[in-house]
Amino acid sequence: MTRRILLVEDERDIAELVALHLADVCDEVVIANDGHEGMRLAMTMDWALVVLDLRLPGPDGLAICRAVRRERAYQPILMLTSKSSELDRVLGLESGADDYLTKPFSVLELTARVRAILRRVEQLQKSAPADDEPATVAAGAVTIDPARREVKLNGESVELTAREFDLLEHLARHPGRVFRRADLLDQVWGYGHEGYEHTVNSHINRLRSKIEPDPSQPELIVTVWGVGYKFAEARA
């Protein structure tokens, strides 16, 4: 299958430089130089990855990301932002982006992130359950449907970002197993750079706020002090 990447970036010099390097990891890079063209292409065609600048003329990266998540089947999104504030990062992740990168960034880091996202998606596709395997994962009041990428709590839908969903599914498929933060970065994010462990912590905290009856006393996603996290085993 042709691996195509959509790059939505209004600064032409940056767009051309990024496209040049992304050409090493895909078959084709299509550039949109404003939010209107980016929205049209993101909503009408299938992409291996959409790379979105946060600040764009017309609809911004957040609007495009939310529209894709709301209206289309899942496709990975990497957000580029010119600011490094925590608010920008949270907004990007809460809108459904799989990952973010702050300008100015290293081209090597960008291609590493892109490779990691593409590799993770391909691994998920290869590990999709066979027809005779259960399509859903149930843990207490939480039900996870990987095919629909839906999570329900007591029968009610829970809104998760793409990465929150991947993290929850990974933990729930291995109840009782303790994961170090570095393990989760490697297995869920696809990279394990030192110093990024806080990213795992923030995602765990947001997951708890959405699925735990009392996030301050978690029962499903349990902290193993000095090691990492585990998903609680089913009780008899």
# chains A, B, ... in the order shown; residues from 1 in each chain; ligands from 1

call {"tool": "residues_around", "arguments": {"residues": "A:Ser209", "least_positions_apart": "6", "cutoff": "12 Å", "atoms": "only C-alpha atoms", "output": "ChimeraX atom specification"}}
result
/A:158-160,164,202-203,215-221

call {"tool": "write_last_selection", "arguments": {"atoms": "C-alpha atoms", "output": "compact mmCIF listing (two decimals), in the first residue's frame"}}
result
# COMPACT_ATOMS: atom_id res chain seq x y z
CA VAL A 158 -15.71 8.07 27.08
CA GLU A 159 -13.85 10.59 24.94
CA LEU A 160 -10.16 9.71 24.74
CA GLU A 164 -4.84 7.82 25.62
CA SER A 202 0.39 13.20 32.36
CA HIS A 203 -1.43 10.68 30.13
CA PRO A 215 -8.95 9.37 40.43
CA SER A 216 -7.18 10.14 43.72
CA GLN A 217 -7.61 6.46 44.72
CA PRO A 218 -7.22 4.61 41.39
CA GLU A 219 -8.49 1.05 41.18
CA LEU A 220 -7.83 0.23 37.51
CA ILE A 221 -4.53 1.93 36.62

call {"tool": "select_by_dssp", "arguments": {"residues": "stretch 1-230 of chain A", "states": "strand (DSSP E or B)", "output": "number ranges by chain"}}
result
A: 4-8, 28-32, 49-53, 77-81, 99-102, 137-139, 142-145, 150-153, 156-158, 178-180, 221-224, 228-230

call {"tool": "closest_residue", "arguments": {"among": "A:Phe165, A:Trp189, A:Phe231, A:Trp225", "to": "A:Ala112", "atoms": "only C-alpha atoms"}}
result
A:Trp189

call {"tool": "residues_around", "arguments": {"residues": "A:Ala138", "least_positions_apart": "4", "cutoff": "12 Å", "atoms": "only C-alpha atoms", "output": "NGL selection string"}}
result
:A and (134 or 142-146 or 150-155 or 168-169 or 171-175 or 220 or 231-234)

call {"tool": "write_last_selection", "arguments": {"atoms": "N, CA and C atoms", "output": "PDB file, in the first residue's frame"}}
result
ATOM      1  N   PRO A 134     -11.774 -12.402  20.619  1.00  0.00           N
ATOM      2  CA  PRO A 134     -12.694 -11.371  21.087  1.00  0.00           C
ATOM      3  C   PRO A 134     -12.279  -9.993  20.591  1.00  0.00           C
ATOM      4  N   VAL A 142     -15.356  -0.899  32.482  1.00  0.00           N
ATOM      5  CA  VAL A 142     -14.756  -0.337  31.266  1.00  0.00           C
ATOM      6  C   VAL A 142     -14.751  -1.375  30.153  1.00  0.00           C
ATOM      7  N   THR A 143     -15.198  -0.972  28.971  1.00  0.00           N
ATOM      8  CA  THR A 143     -15.165  -1.827  27.785  1.00  0.00           C
ATOM      9  C   THR A 143     -14.414  -1.101  26.684  1.00  0.00           C
ATOM     10  N   ILE A 144     -13.436  -1.804  26.091  1.00  0.00           N
ATOM     11  CA  ILE A 144     -12.598  -1.219  25.043  1.00  0.00           C
ATOM     12  C   ILE A 144     -12.859  -1.962  23.746  1.00  0.00           C
ATOM     13  N   ASP A 145     -13.220  -1.227  22.693  1.00  0.00           N
ATOM     14  CA  ASP A 145     -13.469  -1.805  21.374  1.00  0.00           C
ATOM     15  C   ASP A 145     -12.377  -1.317  20.428  1.00  0.00           C
ATOM     16  N   PRO A 146     -11.338  -2.143  20.183  1.00  0.00           N
ATOM     17  CA  PRO A 146     -10.223  -1.695  19.333  1.00  0.00           C
ATOM     18  C   PRO A 146     -10.639  -1.409  17.891  1.00  0.00           C
ATOM     19  N   GLU A 150     -13.268   2.718  20.496  1.00  0.00           N
ATOM     20  CA  GLU A 150     -14.234   3.293  21.424  1.00  0.00           C
ATOM     21  C   GLU A 150     -14.031   2.712  22.817  1.00  0.00           C
ATOM     22  N   VAL A 151     -14.255   3.543  23.803  1.00  0.00           N
ATOM     23  CA  VAL A 151     -14.207   3.119  25.200  1.00  0.00           C
ATOM     24  C   VAL A 151     -15.519   3.518  25.857  1.00  0.00           C
ATOM     25  N   LYS A 152     -16.089   2.586  26.632  1.00  0.00           N
ATOM     26  CA  LYS A 152     -17.320   2.881  27.354  1.00  0.00           C
ATOM     27  C   LYS A 152     -17.124   2.590  28.834  1.00  0.00           C
ATOM     28  N   LEU A 153     -17.705   3.448  29.646  1.00  0.00           N
ATOM     29  CA  LEU A 153     -17.685   3.295  31.096  1.00  0.00           C
ATOM     30  C   LEU A 153     -19.131   3.182  31.558  1.00  0.00           C
ATOM     31  N   ASN A 154     -19.486   2.001  32.093  1.00  0.00           N
ATOM     32  CA  ASN A 154     -20.876   1.731  32.483  1.00  0.00           C
ATOM     33  C   ASN A 154     -21.834   1.983  31.327  1.00  0.00           C
ATOM     34  N   GLY A 155     -21.394   1.615  30.125  1.00  0.00           N
ATOM     35  CA  GLY A 155     -22.238   1.752  28.939  1.00  0.00           C
ATOM     36  C   GLY A 155     -22.225   3.114  28.291  1.00  0.00           C
ATOM     37  N   LEU A 168      -4.368   2.991  27.200  1.00  0.00           N
ATOM     38  CA  LEU A 168      -5.342   2.211  27.964  1.00  0.00           C
ATOM     39  C   LEU A 168      -5.455   0.785  27.426  1.00  0.00           C
ATOM     40  N   GLU A 169      -5.542   0.643  26.113  1.00  0.00           N
ATOM     41  CA  GLU A 169      -5.668  -0.694  25.524  1.00  0.00           C
ATOM     42  C   GLU A 169      -4.434  -1.541  25.837  1.00  0.00           C
ATOM     43  N   LEU A 171      -2.330  -1.334  28.381  1.00  0.00           N
ATOM     44  CA  LEU A 171      -2.336  -1.737  29.787  1.00  0.00           C
ATOM     45  C   LEU A 171      -3.405  -2.792  30.045  1.00  0.00           C
ATOM     46  N   ALA A 172      -4.606  -2.585  29.492  1.00  0.00           N
ATOM     47  CA  ALA A 172      -5.718  -3.498  29.765  1.00  0.00           C
ATOM     48  C   ALA A 172      -5.502  -4.882  29.168  1.00  0.00           C
ATOM     49  N   ARG A 173      -4.714  -4.972  28.095  1.00  0.00           N
ATOM     50  CA  ARG A 173      -4.441  -6.280  27.490  1.00  0.00           C
ATOM     51  C   ARG A 173      -3.400  -7.074  28.286  1.00  0.00           C
ATOM     52  N   HIS A 174      -2.773  -6.432  29.267  1.00  0.00           N
ATOM     53  CA  HIS A 174      -1.763  -7.109  30.088  1.00  0.00           C
ATOM     54  C   HIS A 174      -2.045  -6.870  31.567  1.00  0.00           C
ATOM     55  N   PRO A 175      -3.211  -7.286  32.063  1.00  0.00           N
ATOM     56  CA  PRO A 175      -3.550  -7.026  33.470  1.00  0.00           C
ATOM     57  C   PRO A 175      -2.538  -7.673  34.422  1.00  0.00           C
ATOM     58  N   LEU A 220      -8.134   0.922  38.769  1.00  0.00           N
ATOM     59  CA  LEU A 220      -7.833   0.232  37.514  1.00  0.00           C
ATOM     60  C   LEU A 220      -6.370   0.408  37.112  1.00  0.00           C
ATOM     61  N   PHE A 231      -2.173  -2.426  35.120  1.00  0.00           N
ATOM     62  CA  PHE A 231      -3.629  -2.472  35.069  1.00  0.00           C
ATOM     63  C   PHE A 231      -4.075  -3.562  36.032  1.00  0.00           C
ATOM     64  N   ALA A 232      -5.036  -3.251  36.865  1.00  0.00           N
ATOM     65  CA  ALA A 232      -5.455  -4.176  37.915  1.00  0.00           C
ATOM     66  C   ALA A 232      -5.982  -5.480  37.337  1.00  0.00           C
ATOM     67  N   GLU A 233      -5.625  -6.586  37.958  1.00  0.00           N
ATOM     68  CA  GLU A 233      -6.143  -7.881  37.552  1.00  0.00           C
ATOM     69  C   GLU A 233      -7.598  -8.013  37.972  1.00  0.00           C
ATOM     70  N   ALA A 234      -8.349  -8.821  37.207  1.00  0.00           N
ATOM     71  CA  ALA A 234      -9.769  -9.025  37.527  1.00  0.00           C
ATOM     72  C   ALA A 234      -9.917  -9.679  38.883  1.00  0.00           C
TER      73      ALA A 234
END

call {"tool": "closest_atom_pairs", "arguments": {"of": "stretch 41-68 of chain A", "to": "stretch 7-17 of chain A", "cutoff": "9 Å", "atoms": "only C-alpha atoms", "output": "tab-separated table"}}
result
residue	atom	partner	partner_atom	distance
A:Leu49	CA	A:Leu7	CA	8.5
A:Val50	CA	A:Leu7	CA	6.1
A:Val51	CA	A:Leu7	CA	4.8
A:Leu52	CA	A:Val8	CA	5.0
A:Asp53	CA	A:Glu9	CA	5.4
A:Leu54	CA	A:Glu9	CA	8.7
A:Arg55	CA	A:Asp10	CA	8.4
A:Leu56	CA	A:Asp10	CA	6.2
A:Pro57	CA	A:Asp10	CA	7.4
A:Gly61	CA	A:Val8	CA	8.2

call {"tool": "write_last_selection", "arguments": {"atoms": "C-alpha atoms", "output": "PDB file, in the first residue's frame"}}
result
ATOM      1  CA  LEU A  49       0.153  10.359   8.601  1.00  0.00           C
ATOM      2  CA  VAL A  50      -1.014  13.972   8.789  1.00  0.00           C
ATOM      3  CA  VAL A  51       1.609  16.479   9.996  1.00  0.00           C
ATOM      4  CA  LEU A  52      -0.190  19.638  11.147  1.00  0.00           C
ATOM      5  CA  ASP A  53       1.185  23.043  12.032  1.00  0.00           C
ATOM      6  CA  LEU A  54      -0.776  24.504  14.943  1.00  0.00           C
ATOM      7  CA  ARG A  55      -0.889  28.084  13.606  1.00  0.00           C
ATOM      8  CA  LEU A  56      -2.318  28.308  10.079  1.00  0.00           C
ATOM      9  CA  PRO A  57      -4.172  30.827   7.901  1.00  0.00           C
ATOM     10  CA  GLY A  61      -4.265  22.785  13.296  1.00  0.00           C
TER      11      GLY A  61
END
